[in-house]
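Below you'll find the structure, written out as structure tokens, and then a few comments.
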Amino acid sequence: MTVAANTGNLFVLVGVWGSGIHIYRFTPTAQPYLSFVKTVETPNPTYLQLVSRDGKRHIVVCNELDAGRLTSFALNSSNDSIALSEVNTVPVLGTHPCHISFHPHGQKYVGSAVYNGNNIVLYGFDPSSGRLIASKGTESDPKPKVFEKYPADDAGPQKPRQDASHPHQFNWSPPRDGEEAGGEFAYVVDLGCDAIRVYKFHPEAEKDSELLESVSIVKADPGAGPRHLAFNPIHKDIVYNVNELSLTVQTFKLSPSRDRFEKVGDAVPIFDSAVEKKPAAGSKSEITASGIEVSKDGKFLFISQRGSDFVNVYRLDKDSGSILDLADRYFLAGHTPRHFTIFEDLLLVGLQDSHAIEVVKIDWDTGKLSQVEVVRGIPDLPQYIMVLEA
């Protein structure tokens with residue numbers, strides 16, 4: 001998540017596989033950048049989302065468990081303290097939910113991709129109370145408003161990773177030019193089936209089962225393993241898809257209606273002749289692509305790569321949003337960068353298998369990266385990083 005400039009008191013929330021949400025005080029102008037505050041216990045919080053409305057703030061997390069669930073927390077913070085209090089939790093009816101996204105109009109719905117459950121769910125959300133809202137009549141035994149499980153018969157060729165459908169991201173369509181927010185369509189990125197599934201969203205539907213209507217399926221190259229989309233904030237019809245298995249990034253142009261994707265050129269390889277495709281010394285991870293983020297000015301695209309453990313920074317064309325060339329390849333001080341976030345001129349990278357967070361300086365003129373700090377000794381495995389204003 002790219003975070004806007006801020007001069008107030010800041011915290012960093014780290015979703016850690018195993019022990020919960022680790023909270024650090026964040027000082028972006030001087031070392032030490034991160035100072036540990038506390039841990040909020042919740043199992044395997046691998047993805048976090050902030051909802052802020054009418055002066056109230058909540059954090060909703062994916063608990064990536066065999067019996068996966070979503071948990072909502074009320075957030076209360078000041079310059080000196082921060083507290084998370086659990087509001088409620090609901091099941092996703094599958095194994096290992098890995099991504100959530102709130103509908104941009106009012107934040108009254110939240111969708112989740114459930115990786116090993118081969119399904120998606122859609123719950124309601126009350127921004128005032130912070131409660132995740134189940135389908136009518138199921139409050140005592142919560143069920144999602146929408147549940148859709150995908151068949152395995154369209155799985156891709158890269159076994160065993162593509163043994164079945166594996167939804168990896170649930171997203172909402174970006175706004176058209178002149179709109180403040182999008183959300184007319186939902187996009188589900190399915191790593192297992194080499195697909196981006198497109199749904200029309202019907203918020204006024206009388207039946208919960210009619211909230212999402214399947215309208216099309218965009219196919220990635222066979223064996224690509226699409227993982228996450230990132231939208232260009234300047235060229236709002238341009239979207240980038242990082243392919244975890246083929247180690248490529250594909251640019252798409254969205255149709256004016258936002259329900260169709262058109263490929264723009266060939267997929268760009270994350271590896272090239274300048275770097276050998278092999279694991280870094282001591283790495284425990286397979287060589288797979290992971291995080292993707294576009295700078296808020298639309299000039300650079302960041303992609304992290306596990307196994308060889310680096311971050312690529314690509315220059316983007318200011319007129320079209322297309323990928324121009326590689327501005328930098330930065331080799332990290334640890335292993336398995338699952339997720340990163342951008343704050344002002346800093347890149348914060350979670351190094352999962354090194355139990356660390358690396359703080360990296362960004363030169364916004366050139367796109368070059370340089371290390372400024374590594375915070376080590378994090379118990380368990382850091383997964384997701386969020387910067388939060390007090």
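Each chain in the structure tokens gets a letter, A, B, ..., in the order shown, and its residues are numbered from 1; ligands are numbered from 1 in order too.
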Can you check which parts of stretch 90-110 of chain A lie within 8 Å of stretch 182-192 of chain A? Per residue, the shortest pair of atoms and distance in Å to one decimal, counting only C-alpha atoms, sorted by chain and number, as a tab-separated table.
```
residue	atom	partner	partner_atom	distance
A:His103	CA	A:Gly183	CA	6.0
A:Pro104	CA	A:Gly183	CA	6.0
A:His105	CA	A:Gly183	CA	7.1
```
Residues from the last selection, N, CA, C and O atoms, saved as a short mmCIF file (atom, residue, chain, number, x, y, z; two decimals), in the first residue's frame:
```cif
data_model
loop_
_atom_site.label_atom_id
_atom_site.label_comp_id
_atom_site.auth_asym_id
_atom_site.auth_seq_id
_atom_site.Cartn_x
_atom_site.Cartn_y
_atom_site.Cartn_z
N HIS A 103 -15.27 -2.59 -0.52
CA HIS A 103 -15.86 -1.85 -1.62
C HIS A 103 -15.63 -0.36 -1.41
O HIS A 103 -15.84 0.16 -0.30
N PRO A 104 -15.17 0.37 -2.46
CA PRO A 104 -14.76 1.76 -2.26
C PRO A 104 -15.88 2.74 -1.94
O PRO A 104 -15.63 3.81 -1.41
N HIS A 105 -17.13 2.39 -2.26
CA HIS A 105 -18.26 3.28 -1.95
C HIS A 105 -18.83 2.90 -0.58
O HIS A 105 -19.60 1.96 -0.45
#
```
Excluding stretch 199-207 of chain A and residues on its chain fewer than 4 positions from it, collect all residues at most 10 Å away from it, counting only C-alpha atoms, and give them as a PDB file with all heavy atoms, in the first residue's frame.
```pdb
ATOM      1  N   HIS A 103     -15.266  -2.590  -0.523  1.00  0.00           N
ATOM      2  CA  HIS A 103     -15.860  -1.854  -1.624  1.00  0.00           C
ATOM      3  C   HIS A 103     -15.631  -0.360  -1.407  1.00  0.00           C
ATOM      4  O   HIS A 103     -15.838   0.163  -0.305  1.00  0.00           O
ATOM      5  CB  HIS A 103     -17.363  -2.140  -1.725  1.00  0.00           C
ATOM      6  CG  HIS A 103     -17.956  -1.620  -2.988  1.00  0.00           C
ATOM      7  ND1 HIS A 103     -18.586  -0.400  -3.056  1.00  0.00           N
ATOM      8  CD2 HIS A 103     -17.980  -2.129  -4.247  1.00  0.00           C
ATOM      9  CE1 HIS A 103     -18.992  -0.194  -4.303  1.00  0.00           C
ATOM     10  NE2 HIS A 103     -18.630  -1.218  -5.041  1.00  0.00           N
ATOM     11  N   LYS A 108     -19.055  -0.803   2.742  1.00  0.00           N
ATOM     12  CA  LYS A 108     -20.110  -1.612   3.344  1.00  0.00           C
ATOM     13  C   LYS A 108     -20.056  -3.082   2.940  1.00  0.00           C
ATOM     14  O   LYS A 108     -20.884  -3.880   3.390  1.00  0.00           O
ATOM     15  CB  LYS A 108     -21.482  -1.024   2.993  1.00  0.00           C
ATOM     16  CG  LYS A 108     -21.723   0.343   3.633  1.00  0.00           C
ATOM     17  CD  LYS A 108     -23.112   0.856   3.324  1.00  0.00           C
ATOM     18  CE  LYS A 108     -23.356   2.207   4.007  1.00  0.00           C
ATOM     19  NZ  LYS A 108     -24.711   2.738   3.720  1.00  0.00           N
ATOM     20  N   TYR A 109     -19.094  -3.440   2.099  1.00  0.00           N
ATOM     21  CA  TYR A 109     -18.898  -4.840   1.708  1.00  0.00           C
ATOM     22  C   TYR A 109     -17.405  -5.130   1.691  1.00  0.00           C
ATOM     23  O   TYR A 109     -16.589  -4.264   1.356  1.00  0.00           O
ATOM     24  CB  TYR A 109     -19.488  -5.125   0.319  1.00  0.00           C
ATOM     25  CG  TYR A 109     -20.993  -5.067   0.268  1.00  0.00           C
ATOM     26  CD1 TYR A 109     -21.641  -3.877  -0.043  1.00  0.00           C
ATOM     27  CD2 TYR A 109     -21.767  -6.193   0.549  1.00  0.00           C
ATOM     28  CE1 TYR A 109     -23.026  -3.811  -0.080  1.00  0.00           C
ATOM     29  CE2 TYR A 109     -23.146  -6.132   0.508  1.00  0.00           C
ATOM     30  CZ  TYR A 109     -23.774  -4.942   0.195  1.00  0.00           C
ATOM     31  OH  TYR A 109     -25.146  -4.877   0.157  1.00  0.00           O
ATOM     32  N   SER A 135     -24.946 -13.190   5.993  1.00  0.00           N
ATOM     33  CA  SER A 135     -26.190 -13.278   5.238  1.00  0.00           C
ATOM     34  C   SER A 135     -27.378 -13.329   6.187  1.00  0.00           C
ATOM     35  O   SER A 135     -27.277 -13.856   7.305  1.00  0.00           O
ATOM     36  CB  SER A 135     -26.173 -14.532   4.363  1.00  0.00           C
ATOM     37  OG  SER A 135     -27.308 -14.591   3.535  1.00  0.00           O
ATOM     38  N   LYS A 136     -28.494 -12.752   5.771  1.00  0.00           N
ATOM     39  CA  LYS A 136     -29.676 -12.689   6.626  1.00  0.00           C
ATOM     40  C   LYS A 136     -30.094 -14.087   7.088  1.00  0.00           C
ATOM     41  O   LYS A 136     -30.112 -15.036   6.308  1.00  0.00           O
ATOM     42  CB  LYS A 136     -30.824 -12.027   5.877  1.00  0.00           C
ATOM     43  CG  LYS A 136     -30.583 -10.548   5.568  1.00  0.00           C
ATOM     44  CD  LYS A 136     -31.729  -9.962   4.777  1.00  0.00           C
ATOM     45  CE  LYS A 136     -31.468  -8.491   4.451  1.00  0.00           C
ATOM     46  NZ  LYS A 136     -32.566  -7.901   3.626  1.00  0.00           N
ATOM     47  N   LYS A 145     -22.519 -13.487   2.608  1.00  0.00           N
ATOM     48  CA  LYS A 145     -23.594 -13.095   1.692  1.00  0.00           C
ATOM     49  C   LYS A 145     -23.419 -13.757   0.326  1.00  0.00           C
ATOM     50  O   LYS A 145     -24.387 -14.097  -0.346  1.00  0.00           O
ATOM     51  CB  LYS A 145     -23.631 -11.575   1.551  1.00  0.00           C
ATOM     52  CG  LYS A 145     -24.102 -10.856   2.818  1.00  0.00           C
ATOM     53  CD  LYS A 145     -24.130  -9.355   2.626  1.00  0.00           C
ATOM     54  CE  LYS A 145     -24.700  -8.660   3.855  1.00  0.00           C
ATOM     55  NZ  LYS A 145     -26.141  -8.949   4.066  1.00  0.00           N
ATOM     56  N   VAL A 146     -22.167 -13.908  -0.088  1.00  0.00           N
ATOM     57  CA  VAL A 146     -21.853 -14.616  -1.331  1.00  0.00           C
ATOM     58  C   VAL A 146     -20.758 -15.629  -1.038  1.00  0.00           C
ATOM     59  O   VAL A 146     -19.774 -15.314  -0.361  1.00  0.00           O
ATOM     60  CB  VAL A 146     -21.374 -13.644  -2.435  1.00  0.00           C
ATOM     61  CG1 VAL A 146     -20.935 -14.421  -3.678  1.00  0.00           C
ATOM     62  CG2 VAL A 146     -22.476 -12.658  -2.799  1.00  0.00           C
ATOM     63  N   TRP A 172     -11.558  -4.588  -6.409  1.00  0.00           N
ATOM     64  CA  TRP A 172     -12.671  -3.844  -7.003  1.00  0.00           C
ATOM     65  C   TRP A 172     -12.151  -2.999  -8.157  1.00  0.00           C
ATOM     66  O   TRP A 172     -11.006  -2.541  -8.136  1.00  0.00           O
ATOM     67  CB  TRP A 172     -13.341  -2.955  -5.957  1.00  0.00           C
ATOM     68  CG  TRP A 172     -13.918  -3.722  -4.814  1.00  0.00           C
ATOM     69  CD1 TRP A 172     -13.352  -3.918  -3.596  1.00  0.00           C
ATOM     70  CD2 TRP A 172     -15.170  -4.424  -4.787  1.00  0.00           C
ATOM     71  NE1 TRP A 172     -14.166  -4.688  -2.796  1.00  0.00           N
ATOM     72  CE2 TRP A 172     -15.298  -5.020  -3.503  1.00  0.00           C
ATOM     73  CE3 TRP A 172     -16.195  -4.613  -5.711  1.00  0.00           C
ATOM     74  CZ2 TRP A 172     -16.397  -5.778  -3.137  1.00  0.00           C
ATOM     75  CZ3 TRP A 172     -17.293  -5.366  -5.333  1.00  0.00           C
ATOM     76  CH2 TRP A 172     -17.400  -5.937  -4.067  1.00  0.00           C
ATOM     77  N   SER A 173     -12.977  -2.787  -9.151  1.00  0.00           N
ATOM     78  CA  SER A 173     -12.554  -2.039 -10.333  1.00  0.00           C
ATOM     79  C   SER A 173     -12.232  -0.595  -9.964  1.00  0.00           C
ATOM     80  O   SER A 173     -12.849   0.001  -9.077  1.00  0.00           O
ATOM     81  CB  SER A 173     -13.643  -2.081 -11.410  1.00  0.00           C
ATOM     82  OG  SER A 173     -14.871  -1.574 -10.915  1.00  0.00           O
ATOM     83  N   GLY A 183     -15.526   0.410  -8.212  1.00  0.00           N
ATOM     84  CA  GLY A 183     -16.275  -0.631  -7.523  1.00  0.00           C
ATOM     85  C   GLY A 183     -17.466  -1.171  -8.264  1.00  0.00           C
ATOM     86  O   GLY A 183     -18.249  -1.940  -7.699  1.00  0.00           O
ATOM     87  N   GLU A 184     -17.620  -0.824  -9.552  1.00  0.00           N
ATOM     88  CA  GLU A 184     -18.746  -1.361 -10.314  1.00  0.00           C
ATOM     89  C   GLU A 184     -18.562  -2.854 -10.586  1.00  0.00           C
ATOM     90  O   GLU A 184     -19.532  -3.594 -10.737  1.00  0.00           O
ATOM     91  CB  GLU A 184     -18.895  -0.600 -11.629  1.00  0.00           C
ATOM     92  CG  GLU A 184     -20.124  -0.977 -12.427  1.00  0.00           C
ATOM     93  CD  GLU A 184     -20.291  -0.138 -13.683  1.00  0.00           C
ATOM     94  OE1 GLU A 184     -19.543   0.849 -13.850  1.00  0.00           O
ATOM     95  OE2 GLU A 184     -21.166  -0.482 -14.504  1.00  0.00           O
ATOM     96  N   PHE A 185     -17.288  -3.286 -10.628  1.00  0.00           N
ATOM     97  CA  PHE A 185     -16.969  -4.694 -10.873  1.00  0.00           C
ATOM     98  C   PHE A 185     -16.013  -5.195  -9.801  1.00  0.00           C
ATOM     99  O   PHE A 185     -15.289  -4.418  -9.170  1.00  0.00           O
ATOM    100  CB  PHE A 185     -16.331  -4.881 -12.254  1.00  0.00           C
ATOM    101  CG  PHE A 185     -17.258  -4.579 -13.390  1.00  0.00           C
ATOM    102  CD1 PHE A 185     -17.351  -3.294 -13.894  1.00  0.00           C
ATOM    103  CD2 PHE A 185     -18.055  -5.566 -13.950  1.00  0.00           C
ATOM    104  CE1 PHE A 185     -18.214  -2.994 -14.937  1.00  0.00           C
ATOM    105  CE2 PHE A 185     -18.922  -5.279 -14.986  1.00  0.00           C
ATOM    106  CZ  PHE A 185     -19.008  -3.996 -15.481  1.00  0.00           C
ATOM    107  N   ALA A 186     -16.019  -6.520  -9.602  1.00  0.00           N
ATOM    108  CA  ALA A 186     -15.036  -7.187  -8.751  1.00  0.00           C
ATOM    109  C   ALA A 186     -14.149  -8.035  -9.638  1.00  0.00           C
ATOM    110  O   ALA A 186     -14.607  -8.648 -10.604  1.00  0.00           O
ATOM    111  CB  ALA A 186     -15.730  -8.059  -7.707  1.00  0.00           C
ATOM    112  N   TYR A 187     -12.843  -8.066  -9.293  1.00  0.00           N
ATOM    113  CA  TYR A 187     -11.863  -8.865 -10.023  1.00  0.00           C
ATOM    114  C   TYR A 187     -11.258  -9.884  -9.056  1.00  0.00           C
ATOM    115  O   TYR A 187     -10.725  -9.509  -8.006  1.00  0.00           O
ATOM    116  CB  TYR A 187     -10.746  -7.993 -10.578  1.00  0.00           C
ATOM    117  CG  TYR A 187     -11.170  -6.839 -11.448  1.00  0.00           C
ATOM    118  CD1 TYR A 187     -10.475  -5.631 -11.393  1.00  0.00           C
ATOM    119  CD2 TYR A 187     -12.255  -6.935 -12.329  1.00  0.00           C
ATOM    120  CE1 TYR A 187     -10.838  -4.558 -12.191  1.00  0.00           C
ATOM    121  CE2 TYR A 187     -12.628  -5.864 -13.128  1.00  0.00           C
ATOM    122  CZ  TYR A 187     -11.916  -4.672 -13.053  1.00  0.00           C
ATOM    123  OH  TYR A 187     -12.291  -3.603 -13.837  1.00  0.00           O
ATOM    124  N   VAL A 188     -11.316 -11.163  -9.415  1.00  0.00           N
ATOM    125  CA  VAL A 188     -10.723 -12.223  -8.616  1.00  0.00           C
ATOM    126  C   VAL A 188      -9.562 -12.817  -9.399  1.00  0.00           C
ATOM    127  O   VAL A 188      -9.756 -13.353 -10.496  1.00  0.00           O
ATOM    128  CB  VAL A 188     -11.757 -13.319  -8.275  1.00  0.00           C
ATOM    129  CG1 VAL A 188     -11.088 -14.465  -7.516  1.00  0.00           C
ATOM    130  CG2 VAL A 188     -12.907 -12.741  -7.458  1.00  0.00           C
ATOM    131  N   LEU A 211     -25.680 -10.519  -5.504  1.00  0.00           N
ATOM    132  CA  LEU A 211     -24.800  -9.364  -5.376  1.00  0.00           C
ATOM    133  C   LEU A 211     -23.687  -9.371  -6.417  1.00  0.00           C
ATOM    134  O   LEU A 211     -23.285  -8.319  -6.926  1.00  0.00           O
ATOM    135  CB  LEU A 211     -24.201  -9.329  -3.973  1.00  0.00           C
ATOM    136  CG  LEU A 211     -25.134  -8.868  -2.850  1.00  0.00           C
ATOM    137  CD1 LEU A 211     -24.528  -9.195  -1.488  1.00  0.00           C
ATOM    138  CD2 LEU A 211     -25.396  -7.360  -2.963  1.00  0.00           C
ATOM    139  N   LEU A 212     -23.151 -10.547  -6.725  1.00  0.00           N
ATOM    140  CA  LEU A 212     -22.077 -10.679  -7.709  1.00  0.00           C
ATOM    141  C   LEU A 212     -22.558 -11.522  -8.884  1.00  0.00           C
ATOM    142  O   LEU A 212     -23.033 -12.638  -8.696  1.00  0.00           O
ATOM    143  CB  LEU A 212     -20.841 -11.323  -7.089  1.00  0.00           C
ATOM    144  CG  LEU A 212     -20.085 -10.527  -6.031  1.00  0.00           C
ATOM    145  CD1 LEU A 212     -18.897 -11.325  -5.516  1.00  0.00           C
ATOM    146  CD2 LEU A 212     -19.601  -9.180  -6.589  1.00  0.00           C
ATOM    147  N   GLU A 213     -22.401 -10.970 -10.088  1.00  0.00           N
ATOM    148  CA  GLU A 213     -22.804 -11.661 -11.313  1.00  0.00           C
ATOM    149  C   GLU A 213     -21.570 -11.866 -12.197  1.00  0.00           C
ATOM    150  O   GLU A 213     -20.917 -10.911 -12.610  1.00  0.00           O
ATOM    151  CB  GLU A 213     -23.828 -10.836 -12.071  1.00  0.00           C
ATOM    152  CG  GLU A 213     -24.198 -11.399 -13.431  1.00  0.00           C
ATOM    153  CD  GLU A 213     -24.941 -10.393 -14.299  1.00  0.00           C
ATOM    154  OE1 GLU A 213     -25.141  -9.250 -13.856  1.00  0.00           O
ATOM    155  OE2 GLU A 213     -25.304 -10.766 -15.447  1.00  0.00           O
ATOM    156  N   SER A 214     -21.234 -13.121 -12.475  1.00  0.00           N
ATOM    157  CA  SER A 214     -20.088 -13.418 -13.319  1.00  0.00           C
ATOM    158  C   SER A 214     -20.348 -12.932 -14.741  1.00  0.00           C
ATOM    159  O   SER A 214     -21.374 -13.255 -15.343  1.00  0.00           O
ATOM    160  CB  SER A 214     -19.810 -14.922 -13.327  1.00  0.00           C
ATOM    161  OG  SER A 214     -18.737 -15.230 -14.190  1.00  0.00           O
ATOM    162  N   VAL A 215     -19.399 -12.142 -15.274  1.00  0.00           N
ATOM    163  CA  VAL A 215     -19.596 -11.590 -16.626  1.00  0.00           C
ATOM    164  C   VAL A 215     -18.503 -11.998 -17.597  1.00  0.00           C
ATOM    165  O   VAL A 215     -18.743 -12.048 -18.810  1.00  0.00           O
ATOM    166  CB  VAL A 215     -19.713 -10.053 -16.597  1.00  0.00           C
ATOM    167  CG1 VAL A 215     -20.971  -9.618 -15.864  1.00  0.00           C
ATOM    168  CG2 VAL A 215     -18.487  -9.392 -15.986  1.00  0.00           C
ATOM    169  N   SER A 216     -17.287 -12.291 -17.130  1.00  0.00           N
ATOM    170  CA  SER A 216     -16.235 -12.703 -18.051  1.00  0.00           C
ATOM    171  C   SER A 216     -15.066 -13.301 -17.281  1.00  0.00           C
ATOM    172  O   SER A 216     -14.955 -13.137 -16.056  1.00  0.00           O
ATOM    173  CB  SER A 216     -15.744 -11.524 -18.907  1.00  0.00           C
ATOM    174  OG  SER A 216     -15.099 -10.551 -18.108  1.00  0.00           O
ATOM    175  N   ILE A 217     -14.208 -14.002 -18.014  1.00  0.00           N
ATOM    176  CA  ILE A 217     -12.970 -14.557 -17.461  1.00  0.00           C
ATOM    177  C   ILE A 217     -11.836 -14.174 -18.390  1.00  0.00           C
ATOM    178  O   ILE A 217     -11.884 -14.431 -19.594  1.00  0.00           O
ATOM    179  CB  ILE A 217     -13.035 -16.092 -17.312  1.00  0.00           C
ATOM    180  CG1 ILE A 217     -14.130 -16.487 -16.308  1.00  0.00           C
ATOM    181  CG2 ILE A 217     -11.687 -16.635 -16.853  1.00  0.00           C
ATOM    182  CD1 ILE A 217     -14.306 -17.980 -16.152  1.00  0.00           C
ATOM    183  N   ARG A 258     -14.983  -1.130 -17.846  1.00  0.00           N
ATOM    184  CA  ARG A 258     -14.240  -1.760 -16.755  1.00  0.00           C
ATOM    185  C   ARG A 258     -14.501  -3.259 -16.607  1.00  0.00           C
ATOM    186  O   ARG A 258     -14.092  -3.868 -15.620  1.00  0.00           O
ATOM    187  CB  ARG A 258     -14.517  -1.071 -15.405  1.00  0.00           C
ATOM    188  CG  ARG A 258     -14.015   0.377 -15.330  1.00  0.00           C
ATOM    189  CD  ARG A 258     -12.511   0.428 -15.471  1.00  0.00           C
ATOM    190  NE  ARG A 258     -11.914   1.704 -15.151  1.00  0.00           N
ATOM    191  CZ  ARG A 258     -11.451   2.575 -16.038  1.00  0.00           C
ATOM    192  NH1 ARG A 258     -11.545   2.296 -17.341  1.00  0.00           N
ATOM    193  NH2 ARG A 258     -10.883   3.695 -15.673  1.00  0.00           N
ATOM    194  N   ASP A 259     -15.159  -3.877 -17.588  1.00  0.00           N
ATOM    195  CA  ASP A 259     -15.440  -5.306 -17.479  1.00  0.00           C
ATOM    196  C   ASP A 259     -14.579  -6.160 -18.406  1.00  0.00           C
ATOM    197  O   ASP A 259     -14.732  -7.383 -18.439  1.00  0.00           O
ATOM    198  CB  ASP A 259     -16.920  -5.586 -17.743  1.00  0.00           C
ATOM    199  CG  ASP A 259     -17.363  -5.165 -19.138  1.00  0.00           C
ATOM    200  OD1 ASP A 259     -16.638  -4.384 -19.791  1.00  0.00           O
ATOM    201  OD2 ASP A 259     -18.451  -5.595 -19.572  1.00  0.00           O
TER     202      ASP A 259
END
```
- [ ] Write out as JSON, numbers by chain the residues lying within 6 Å of A:His335, counting only C-alpha atoms and excluding same-chain residues fewer than 3 positions away.
- [x] {"A": [283, 309, 351, 353, 354]}
Would you mind exporting the chosen residues as an mmCIF file, in the first residue's frame, restricted to N, CA and C atoms?
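Final output, saved to again_22.cif:
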```cif
data_model
loop_
_atom_site.group_PDB
_atom_site.id
_atom_site.type_symbol
_atom_site.label_atom_id
_atom_site.label_comp_id
_atom_site.auth_asym_id
_atom_site.auth_seq_id
_atom_site.Cartn_x
_atom_site.Cartn_y
_atom_site.Cartn_z
ATOM 1 N N SER A 283 18.542 -19.262 1.051
ATOM 2 C CA SER A 283 17.099 -19.094 0.861
ATOM 3 C C SER A 283 16.368 -20.422 1.037
ATOM 4 N N ASP A 309 15.364 -13.191 -3.951
ATOM 5 C CA ASP A 309 15.251 -12.168 -2.906
ATOM 6 C C ASP A 309 15.721 -10.782 -3.351
ATOM 7 N N LEU A 351 10.723 -9.525 5.378
ATOM 8 C CA LEU A 351 11.594 -10.644 4.987
ATOM 9 C C LEU A 351 11.168 -11.866 5.790
ATOM 10 N N ASP A 353 11.391 -15.250 5.847
ATOM 11 C CA ASP A 353 12.227 -16.333 6.380
ATOM 12 C C ASP A 353 13.469 -15.841 7.094
ATOM 13 N N SER A 354 13.666 -14.518 7.147
ATOM 14 C CA SER A 354 14.756 -13.941 7.932
ATOM 15 C C SER A 354 14.240 -13.280 9.205
#
```
I'd like the neighbourhood of stretch 77-93 of chain A as a CSV table (one decimal) with N, CA and C atoms, in the first residue's frame, where a residue qualifies if any of its atoms comes within 7 Å (using only C-alpha atoms), though same-chain residues fewer than 6 positions away should be ignored.
```csv
chain,number,residue,atom,x,y,z
A,9,ASN,N,2.4,11.5,14.2
A,9,ASN,CA,2.9,10.3,14.8
A,9,ASN,C,2.4,9.1,14.1
A,68,GLY,N,-10.4,-21.1,7.9
A,68,GLY,CA,-10.0,-19.7,7.7
A,68,GLY,C,-11.2,-18.8,8.2
A,69,ARG,N,-10.8,-17.6,8.5
A,69,ARG,CA,-11.8,-16.6,9.0
A,69,ARG,C,-11.3,-15.2,8.8
A,70,LEU,N,-12.2,-14.3,8.9
A,70,LEU,CA,-11.9,-12.8,8.9
A,70,LEU,C,-12.2,-12.3,10.3
A,71,THR,N,-11.4,-11.4,10.8
A,71,THR,CA,-11.6,-10.8,12.1
A,71,THR,C,-11.5,-9.3,12.0
A,121,VAL,N,-15.5,-15.2,-0.8
A,121,VAL,CA,-16.7,-14.9,0.0
A,121,VAL,C,-16.9,-13.4,-0.1
A,130,GLY,N,-18.1,-1.6,13.2
A,130,GLY,CA,-17.0,-2.5,12.8
A,130,GLY,C,-17.4,-4.0,12.7
A,131,ARG,N,-18.6,-4.3,12.7
A,131,ARG,CA,-19.1,-5.7,12.6
A,131,ARG,C,-19.1,-6.2,11.1
A,132,LEU,N,-18.5,-7.4,10.9
A,132,LEU,CA,-18.7,-8.1,9.7
A,132,LEU,C,-20.1,-8.7,9.7
A,142,PRO,N,-22.7,-17.7,11.4
A,142,PRO,CA,-22.5,-16.8,10.3
A,142,PRO,C,-22.2,-17.5,9.0
A,390,ALA,N,-1.3,7.9,13.8
A,390,ALA,CA,-1.9,7.8,15.1
A,390,ALA,C,-3.2,8.6,15.2
```
- [ ] From the DSSP assignment of the backbone, select every residue of stretch 104-275 of chain A that is strand (DSSP E), and format the answer as a ChimeraX atom specification.
- [x] /A:109-114,119-125,132-133,146-149,167-172,185-190,195-201,212-219,226-231,238-243,248-254,261-263,268-269
- [ ] Identify which of the residues A:Ala224, A:Pro127, A:Ile120, A:Gln158 lies closest to A:Arg197, counting only C-alpha atoms when measuring atom-to-atom distances.
- [x] A:Ile120
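Checking A:Ile133, A:Val51, A:Ile238, A:Ala289 one by one against A:Pro175, counting only C-alpha atoms, you find the shortest gap at A:Ile238.
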Open item on the list: If we count only C-alpha atoms and set the cut-off at 8 Å, which residues sit around stretch 39-43 of chain A, ignoring sequence neighbours fewer than 4 positions away in its own chain? Please answer as a PyMOL selection string.
Closed with: chain A and resi 17-23+63-65+84
Write the selection just made, keeping N, CA, C and O atoms, as a compact mmCIF listing (two decimals), in the first residue's frame?
```
# COMPACT_ATOMS: atom_id res chain seq x y z
N TRP A 17 2.76 -14.36 10.65
CA TRP A 17 2.28 -15.74 10.70
C TRP A 17 2.72 -16.36 12.02
O TRP A 17 3.90 -16.44 12.32
N GLY A 18 1.76 -16.77 12.82
CA GLY A 18 2.08 -17.39 14.11
C GLY A 18 1.62 -16.55 15.27
O GLY A 18 0.64 -16.90 15.94
N SER A 19 2.28 -15.41 15.54
CA SER A 19 2.09 -14.74 16.82
C SER A 19 1.09 -13.60 16.82
O SER A 19 0.67 -13.15 17.87
N GLY A 20 0.71 -13.04 15.65
CA GLY A 20 -0.29 -11.99 15.67
C GLY A 20 0.15 -10.74 14.94
O GLY A 20 1.00 -10.78 14.05
N ILE A 21 -0.41 -9.59 15.34
CA ILE A 21 -0.10 -8.31 14.74
C ILE A 21 0.94 -7.62 15.62
O ILE A 21 0.68 -7.29 16.78
N HIS A 22 2.13 -7.42 15.08
CA HIS A 22 3.20 -6.72 15.81
C HIS A 22 3.12 -5.24 15.48
O HIS A 22 3.04 -4.87 14.31
N ILE A 23 3.16 -4.42 16.52
CA ILE A 23 3.02 -2.97 16.34
C ILE A 23 4.33 -2.28 16.71
O ILE A 23 4.92 -2.55 17.76
N ASN A 63 -7.33 -14.31 8.76
CA ASN A 63 -6.67 -15.32 9.59
C ASN A 63 -6.48 -16.55 8.72
O ASN A 63 -7.42 -17.31 8.44
N GLU A 64 -5.23 -16.74 8.27
CA GLU A 64 -4.94 -17.78 7.27
C GLU A 64 -4.77 -19.12 7.97
O GLU A 64 -3.67 -19.57 8.26
N LEU A 65 -5.92 -19.77 8.23
CA LEU A 65 -5.98 -21.02 8.98
C LEU A 65 -6.64 -22.09 8.14
O LEU A 65 -7.24 -21.81 7.09
N LEU A 84 -6.00 -2.34 19.76
CA LEU A 84 -6.91 -3.05 18.87
C LEU A 84 -7.80 -3.94 19.73
O LEU A 84 -7.30 -4.73 20.54
```
Task: Which of A:Gly298, A:Pro379, A:Pro233, A:Pro174 sits closest to A:Ser257 [using only C-alpha atoms] - done: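 Result for the nearest residue to A:Ser257: A:Pro174.
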Task: d(atom CA of A:Ser322, atom CA of A:Ser165) in Å - done: 29.4 Å
Task: Separation of atom CA of A:Val249 from atom CA of A:Pro279, in Å and rounded to one decimal - done: 19.7 Å
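Comparing A:Leu326, A:Ile234, A:Pro337, A:Ala113 by their smallest distance to A:Asp177, the closest is A:Ile234 (using only C-alpha atoms).
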Task: Distance of atom CA of A:Val264 from atom CA of A:Thr366, expressed in Å to one decimal place - done: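 Here the two named atoms are 24.5 Å from each other.
Residues with any atom within 9 Å of A:Val114, counting only C-alpha atoms and excluding same-chain neighbours fewer than 2 positions away, are Glu64, Gly68, Val92, Leu93, Gly94, Thr95, His96, Pro97, Cys98, His99, Ser112, Asn116, Gly117, Asn118, Asn119, Ile120, Val121, His166, Pro167, His168 and Gln169 of chain A.
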